[in-house]
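Report on the following structure.
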Protein chains: 2
Amino acid sequence: MNPSAAAAHPVRPPSTDLQVLAFDIFGTVVDWHGSIRAEVEALAPGVDGDAFANAWRAGYKPAMARVMSGELGWTRIDELHRLILDELLPRFGLAQLDEPARQHLNRAWHRLNPWPDSVPGLHRLKQRYTLCTLSNGNLGLLTDMAKRAGLPWDCILSAEVFRAYKPDPATYLGVARVFDVAPHQVMLVATHHDDLAAARQCGLRTAYIERPLEHGAAHPKDSTPQPGNELHCASLLALADQLGC
Amino acid sequence: MNPSAAAAHPVRPPSTDLQVLAFDIFGTVVDWHGSIRAEVEALAPGVDGDAFANAWRAGYKPAMARVMSGELGWTRIDELHRLILDELLPRFGLAQLDEPARQHLNRAWHRLNPWPDSVPGLHRLKQRYTLCTLSNGNLGLLTDMAKRAGLPWDCILSAEVFRAYKPDPATYLGVARVFDVAPHQVMLVATHHDDLAAARQCGLRTAYIERPLEHGAAHPKDSTPQPGNELHCASLLALADQLGC
């Protein structure tokens with residue numbers, strides 16, 4: 001642990017150079033675990049929603065890896081979520097779920113709730129910076145989510161635009177290209193160190209957001225500051241404070 | 001002229017089936033002519049801003065045709081605008097304009113002003129429908145424009161996402177695919193009959209918006225209703241009326 005990074009997170013003067021904040025979504029801006037757990041438990045009382053949510057999410061990286069290796073053609077997250085769901089249901093005693101119920105449950109990822117600080121934090125940050133998503137979620141999913149939750153994006157960017165999933169450099173560099181700025185004028189905001197490290201490799205600036213309950217209260221996540229990140233924030237409101245918004 | 005289409009544009013019950021409104025931007029939502037004219041005349045007093053704006057815009061379709069024919073590789077509108085501008089300046093006695101001034105003027109397309117009804121009309125429509133852009137303008141241009149003008153898009157879609165310019169079917173069908181709906185659940189809103197006709201060919205519904213001053217007060221545009229369009233509206237507020245928003 002880097003003691004200076006762990007210090008009191010002083011307010012830094014906003015960089016006049018920074019123009020775009022690109023946000024990871026699942027876990028960083030919205031609470032996928034709590035939202036999926038609640039939907040599963042409402043649909044099937046008695047099922048372990050905590051385990052179900054984490055198992056569904058755990059299938060996500062292997063499914064993307066099948067796309068990026070070429071084993072699967074380009075596939076959107078909606079379809080990957082459905083592939084994982086269909087494997088998962090029998091393991092939780094839900095093999096009998098019919099097609100409309102499966103479709104509805106799969107779209108729970110379009111209905112994820114924001115963390116309490118997300119909407120007010122984004123409104124403050126939007127006054128000074130261009131805010132975009134940079135998510136592996138597809139455009140339709142991210143649009144539905146933003147409309148329902150009131151997330152005030154200036155632009156929704158996705159793996160679907162770049163035809164590559166994070167951590168492929170095409171995604172991080174793609175944001176800079178879309179806005180015609182240098183990579184160091186873009187900051188990735190995320191709660192995942194692997195995502196942030198890949199962005200840094202491409203020359204982006206990085207802000208880590210603590211989301212200790214991302215995987216549920218029973219599975220607290222280590223949120224210790226790591227030295228590579230320029231900013232380390234307890235919430236998006238803290239990010240706005242640190243950027244002087 | 002079709003007499004029934006020219007009648008009093010009665011309020012139609014909103015279709016429960018319609019989900020997405022996709023908007024053409026240049027001319028339909030923003031006043032490119034008035035905005036470009038004002039910027040040119042401010043930069044170079046004495047230059048005929050009306051003629052300059054129309055000449056710049058007239059270079060746009062031929063430039064896109066060079067991309068779609070394969071003569072040019074994929075090129076964004078920002079770059080096409082700049083190619084046209086560099087040809088245009090000497091014709092208007094502005095060959096001496098330096099590089100920073102050219103860059104600034106080229107980005108005038110990011111600063112176009114909305115028609116007076118656009119922002120209030122979109123806010124009403126957004127309460128019921130998903131609103132996206134479907135423009136040949138690039139994502140960065142459309143994002144800058146929306147942020148400056150307060151255009152409340154749910155999602156910014158562009159030729160840049162589909163790597164094809166309107167009227168290529170990939171653009172119209174691409175909107176339906178992004179939102180996972182059938183083509184008839186998308187309505188294209190535009191002030192250009194060729195754009196609307198191409199969308200209709202793909203199964204989209206269409207709404208024509210009258211913008212008689214699109215090319216400037218000296219060049220009024222025929223806004224006679226044409227029978228192919230489902231809706232014919234004097235403004236985006238009238239569109240909201242007709243859709244019951």
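By convention in this document, the chains of the structure tokens carry letters A, B, ... by their order, each chain's residues are numbered from 1, and ligands are numbered from 1 in the order they are shown.
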
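In chain A, the set of residues within 8 Å of chain B (atoms considered: only C-alpha atoms) is Asn138, Leu139, Gly140, Thr143, Ala146, Lys147, Asp154, Cys155, Ile156, Val161, Val178, Phe179 and Asp180 of chain A.
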
Selection file, N, CA and C atoms, as a PDB file, in the first residue's frame:
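selection_38.pdb written:
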```
ATOM      1  N   ASN A 138     -24.213  -3.527 -23.847  1.00  0.00           N
ATOM      2  CA  ASN A 138     -24.580  -3.032 -25.178  1.00  0.00           C
ATOM      3  C   ASN A 138     -25.342  -1.719 -25.096  1.00  0.00           C
ATOM      4  N   LEU A 139     -25.424  -1.036 -26.243  1.00  0.00           N
ATOM      5  CA  LEU A 139     -25.995   0.321 -26.285  1.00  0.00           C
ATOM      6  C   LEU A 139     -27.444   0.337 -25.792  1.00  0.00           C
ATOM      7  N   GLY A 140     -28.224  -0.639 -26.202  1.00  0.00           N
ATOM      8  CA  GLY A 140     -29.635  -0.663 -25.802  1.00  0.00           C
ATOM      9  C   GLY A 140     -29.770  -0.853 -24.295  1.00  0.00           C
ATOM     10  N   THR A 143     -28.732   2.392 -22.587  1.00  0.00           N
ATOM     11  CA  THR A 143     -29.729   3.444 -22.792  1.00  0.00           C
ATOM     12  C   THR A 143     -30.946   3.216 -21.898  1.00  0.00           C
ATOM     13  N   ALA A 146     -29.975   4.058 -18.323  1.00  0.00           N
ATOM     14  CA  ALA A 146     -29.817   5.490 -18.068  1.00  0.00           C
ATOM     15  C   ALA A 146     -31.170   6.180 -17.993  1.00  0.00           C
ATOM     16  N   LYS A 147     -32.074   5.775 -18.879  1.00  0.00           N
ATOM     17  CA  LYS A 147     -33.399   6.412 -18.929  1.00  0.00           C
ATOM     18  C   LYS A 147     -34.174   6.115 -17.645  1.00  0.00           C
ATOM     19  N   ASP A 154     -23.582  12.350 -21.393  1.00  0.00           N
ATOM     20  CA  ASP A 154     -23.520  13.146 -22.620  1.00  0.00           C
ATOM     21  C   ASP A 154     -23.494  12.238 -23.843  1.00  0.00           C
ATOM     22  N   CYS A 155     -22.933  11.046 -23.682  1.00  0.00           N
ATOM     23  CA  CYS A 155     -22.823  10.116 -24.812  1.00  0.00           C
ATOM     24  C   CYS A 155     -22.686   8.712 -24.250  1.00  0.00           C
ATOM     25  N   ILE A 156     -23.370   7.765 -24.867  1.00  0.00           N
ATOM     26  CA  ILE A 156     -23.259   6.375 -24.441  1.00  0.00           C
ATOM     27  C   ILE A 156     -22.316   5.649 -25.394  1.00  0.00           C
ATOM     28  N   VAL A 161     -19.852  -0.270 -29.897  1.00  0.00           N
ATOM     29  CA  VAL A 161     -19.383   0.729 -30.867  1.00  0.00           C
ATOM     30  C   VAL A 161     -18.021   0.325 -31.422  1.00  0.00           C
ATOM     31  N   VAL A 178     -13.058   9.234 -30.516  1.00  0.00           N
ATOM     32  CA  VAL A 178     -14.415   9.771 -30.711  1.00  0.00           C
ATOM     33  C   VAL A 178     -14.445  11.268 -30.398  1.00  0.00           C
ATOM     34  N   PHE A 179     -13.744  11.659 -29.324  1.00  0.00           N
ATOM     35  CA  PHE A 179     -13.813  13.062 -28.913  1.00  0.00           C
ATOM     36  C   PHE A 179     -12.632  13.877 -29.419  1.00  0.00           C
ATOM     37  N   ASP A 180     -11.807  13.255 -30.233  1.00  0.00           N
ATOM     38  CA  ASP A 180     -10.712  13.968 -30.878  1.00  0.00           C
ATOM     39  C   ASP A 180      -9.794  14.636 -29.855  1.00  0.00           C
TER      40      ASP A 180
END
```

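Selecting alpha helix (DSSP H) from the backbone DSSP output for region 138-186 of chain B yields Leu139, Gly140, Leu141, Leu142, Thr143, Asp144, Met145, Ala146, Lys147, Arg148, Ala149, Ala159, Glu160, Val161, Phe162, Pro169, Ala170, Thr171, Tyr172, Leu173, Gly174, Val175, Ala176, Arg177 and Val178 of chain B.
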
Written file, previous selection with N, CA and C atoms, as an mmCIF file, in the first residue's frame:
```cif
data_model
loop_
_atom_site.group_PDB
_atom_site.id
_atom_site.type_symbol
_atom_site.label_atom_id
_atom_site.label_comp_id
_atom_site.auth_asym_id
_atom_site.auth_seq_id
_atom_site.Cartn_x
_atom_site.Cartn_y
_atom_site.Cartn_z
ATOM 1 N N LEU B 139 -19.902 11.177 -33.706
ATOM 2 C CA LEU B 139 -20.336 11.112 -32.310
ATOM 3 C C LEU B 139 -19.853 12.316 -31.508
ATOM 4 N N GLY B 140 -18.611 12.718 -31.709
ATOM 5 C CA GLY B 140 -18.069 13.846 -30.953
ATOM 6 C C GLY B 140 -18.798 15.133 -31.293
ATOM 7 N N LEU B 141 -19.055 15.338 -32.557
ATOM 8 C CA LEU B 141 -19.810 16.517 -33.005
ATOM 9 C C LEU B 141 -21.202 16.528 -32.355
ATOM 10 N N LEU B 142 -21.897 15.415 -32.432
ATOM 11 C CA LEU B 142 -23.264 15.354 -31.909
ATOM 12 C C LEU B 142 -23.289 15.517 -30.396
ATOM 13 N N THR B 143 -22.255 14.989 -29.724
ATOM 14 C CA THR B 143 -22.183 15.116 -28.265
ATOM 15 C C THR B 143 -21.932 16.568 -27.864
ATOM 16 N N ASP B 144 -20.972 17.209 -28.518
ATOM 17 C CA ASP B 144 -20.687 18.624 -28.224
ATOM 18 C C ASP B 144 -21.937 19.478 -28.457
ATOM 19 N N MET B 145 -22.608 19.227 -29.579
ATOM 20 C CA MET B 145 -23.804 19.994 -29.919
ATOM 21 C C MET B 145 -24.896 19.822 -28.858
ATOM 22 N N ALA B 146 -25.126 18.565 -28.454
ATOM 23 C CA ALA B 146 -26.182 18.287 -27.483
ATOM 24 C C ALA B 146 -25.873 18.934 -26.144
ATOM 25 N N LYS B 147 -24.601 18.878 -25.742
ATOM 26 C CA LYS B 147 -24.210 19.423 -24.432
ATOM 27 C C LYS B 147 -24.394 20.941 -24.424
ATOM 28 N N ARG B 148 -24.008 21.578 -25.518
ATOM 29 C CA ARG B 148 -24.109 23.035 -25.605
ATOM 30 C C ARG B 148 -25.569 23.493 -25.697
ATOM 31 N N ALA B 149 -26.359 22.768 -26.494
ATOM 32 C CA ALA B 149 -27.730 23.213 -26.780
ATOM 33 C C ALA B 149 -28.761 22.654 -25.803
ATOM 34 N N ALA B 159 -23.756 7.717 -38.089
ATOM 35 C CA ALA B 159 -23.082 6.958 -39.140
ATOM 36 C C ALA B 159 -21.786 6.339 -38.618
ATOM 37 N N GLU B 160 -21.131 7.030 -37.684
ATOM 38 C CA GLU B 160 -19.861 6.533 -37.143
ATOM 39 C C GLU B 160 -20.030 5.185 -36.437
ATOM 40 N N VAL B 161 -21.198 4.947 -35.839
ATOM 41 C CA VAL B 161 -21.442 3.662 -35.173
ATOM 42 C C VAL B 161 -21.629 2.559 -36.207
ATOM 43 N N PHE B 162 -22.327 2.896 -37.299
ATOM 44 C CA PHE B 162 -22.685 1.862 -38.279
ATOM 45 C C PHE B 162 -21.691 1.792 -39.437
ATOM 46 N N PRO B 169 -29.138 1.409 -45.880
ATOM 47 C CA PRO B 169 -30.069 0.699 -44.983
ATOM 48 C C PRO B 169 -29.424 0.278 -43.659
ATOM 49 N N ALA B 170 -28.114 0.088 -43.640
ATOM 50 C CA ALA B 170 -27.439 -0.323 -42.392
ATOM 51 C C ALA B 170 -27.676 0.681 -41.263
ATOM 52 N N THR B 171 -27.913 1.944 -41.625
ATOM 53 C CA THR B 171 -28.125 2.951 -40.580
ATOM 54 C C THR B 171 -29.524 2.816 -39.985
ATOM 55 N N TYR B 172 -30.544 2.743 -40.831
ATOM 56 C CA TYR B 172 -31.928 2.675 -40.328
ATOM 57 C C TYR B 172 -32.166 1.360 -39.593
ATOM 58 N N LEU B 173 -31.721 0.265 -40.207
ATOM 59 C CA LEU B 173 -31.913 -1.040 -39.572
ATOM 60 C C LEU B 173 -31.025 -1.167 -38.341
ATOM 61 N N GLY B 174 -29.916 -0.444 -38.345
ATOM 62 C CA GLY B 174 -29.026 -0.455 -37.185
ATOM 63 C C GLY B 174 -29.696 0.094 -35.942
ATOM 64 N N VAL B 175 -30.533 1.112 -36.090
ATOM 65 C CA VAL B 175 -31.250 1.658 -34.929
ATOM 66 C C VAL B 175 -32.160 0.587 -34.329
ATOM 67 N N ALA B 176 -32.913 -0.100 -35.186
ATOM 68 C CA ALA B 176 -33.811 -1.149 -34.680
ATOM 69 C C ALA B 176 -33.008 -2.241 -33.972
ATOM 70 N N ARG B 177 -31.859 -2.564 -34.527
ATOM 71 C CA ARG B 177 -31.051 -3.635 -33.927
ATOM 72 C C ARG B 177 -30.487 -3.205 -32.574
ATOM 73 N N VAL B 178 -30.023 -1.970 -32.494
ATOM 74 C CA VAL B 178 -29.463 -1.481 -31.217
ATOM 75 C C VAL B 178 -30.494 -1.622 -30.094
#
```

Handout entry: All residues 8 Å or closer to Asp222 (chain B), only C-alpha atoms, same chain fewer than 2 positions away omitted, as a VMD selection string
Key = chain B and resid 212 220 224

Keeping only C-alpha atoms, write the selected residues to a file as a compact mmCIF listing (two decimals), in the first residue's frame.
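Full text of result.txt as output:
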```txt
# COMPACT_ATOMS: atom_id res chain seq x y z
CA PRO B 212 -39.00 26.09 -44.66
CA PRO B 220 -37.45 29.02 -48.83
CA THR B 224 -45.82 20.60 -49.02
```

Fill in the blank from the handout: Atom pair CA of Gln226 (chain B) + CA of Ala182 (chain B), distance 24.4 Å

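Using only C-alpha atoms, the smallest distance between any of A:Asp195, A:Glu87, A:Asp117, A:Glu210 and Ser135 (chain A) comes from A:Asp195.
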
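The spacing separating CA of Val189 (chain B) from CA of Ala22 (chain B) amounts to 6.1 Å.
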
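Once Val67 (chain B) and its same-chain neighbours fewer than 4 positions away are set aside, B:Tyr60, B:Lys61, B:Pro62, B:Ala63, B:Glu71, B:Leu72, B:Gly73, B:Trp74, B:Thr75, B:Arg76, B:Ile77, B:Glu79, B:Leu80, B:Ala159, B:Arg163, B:Ala164, B:Tyr165, B:Lys166 remain within 12 Å of it when counting only C-alpha atoms.
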
Problem - Interatomic distance (Å, one decimal) between CA of Asp31 (chain B) and CA of Ile84 (chain B) - result: 19.3 Å
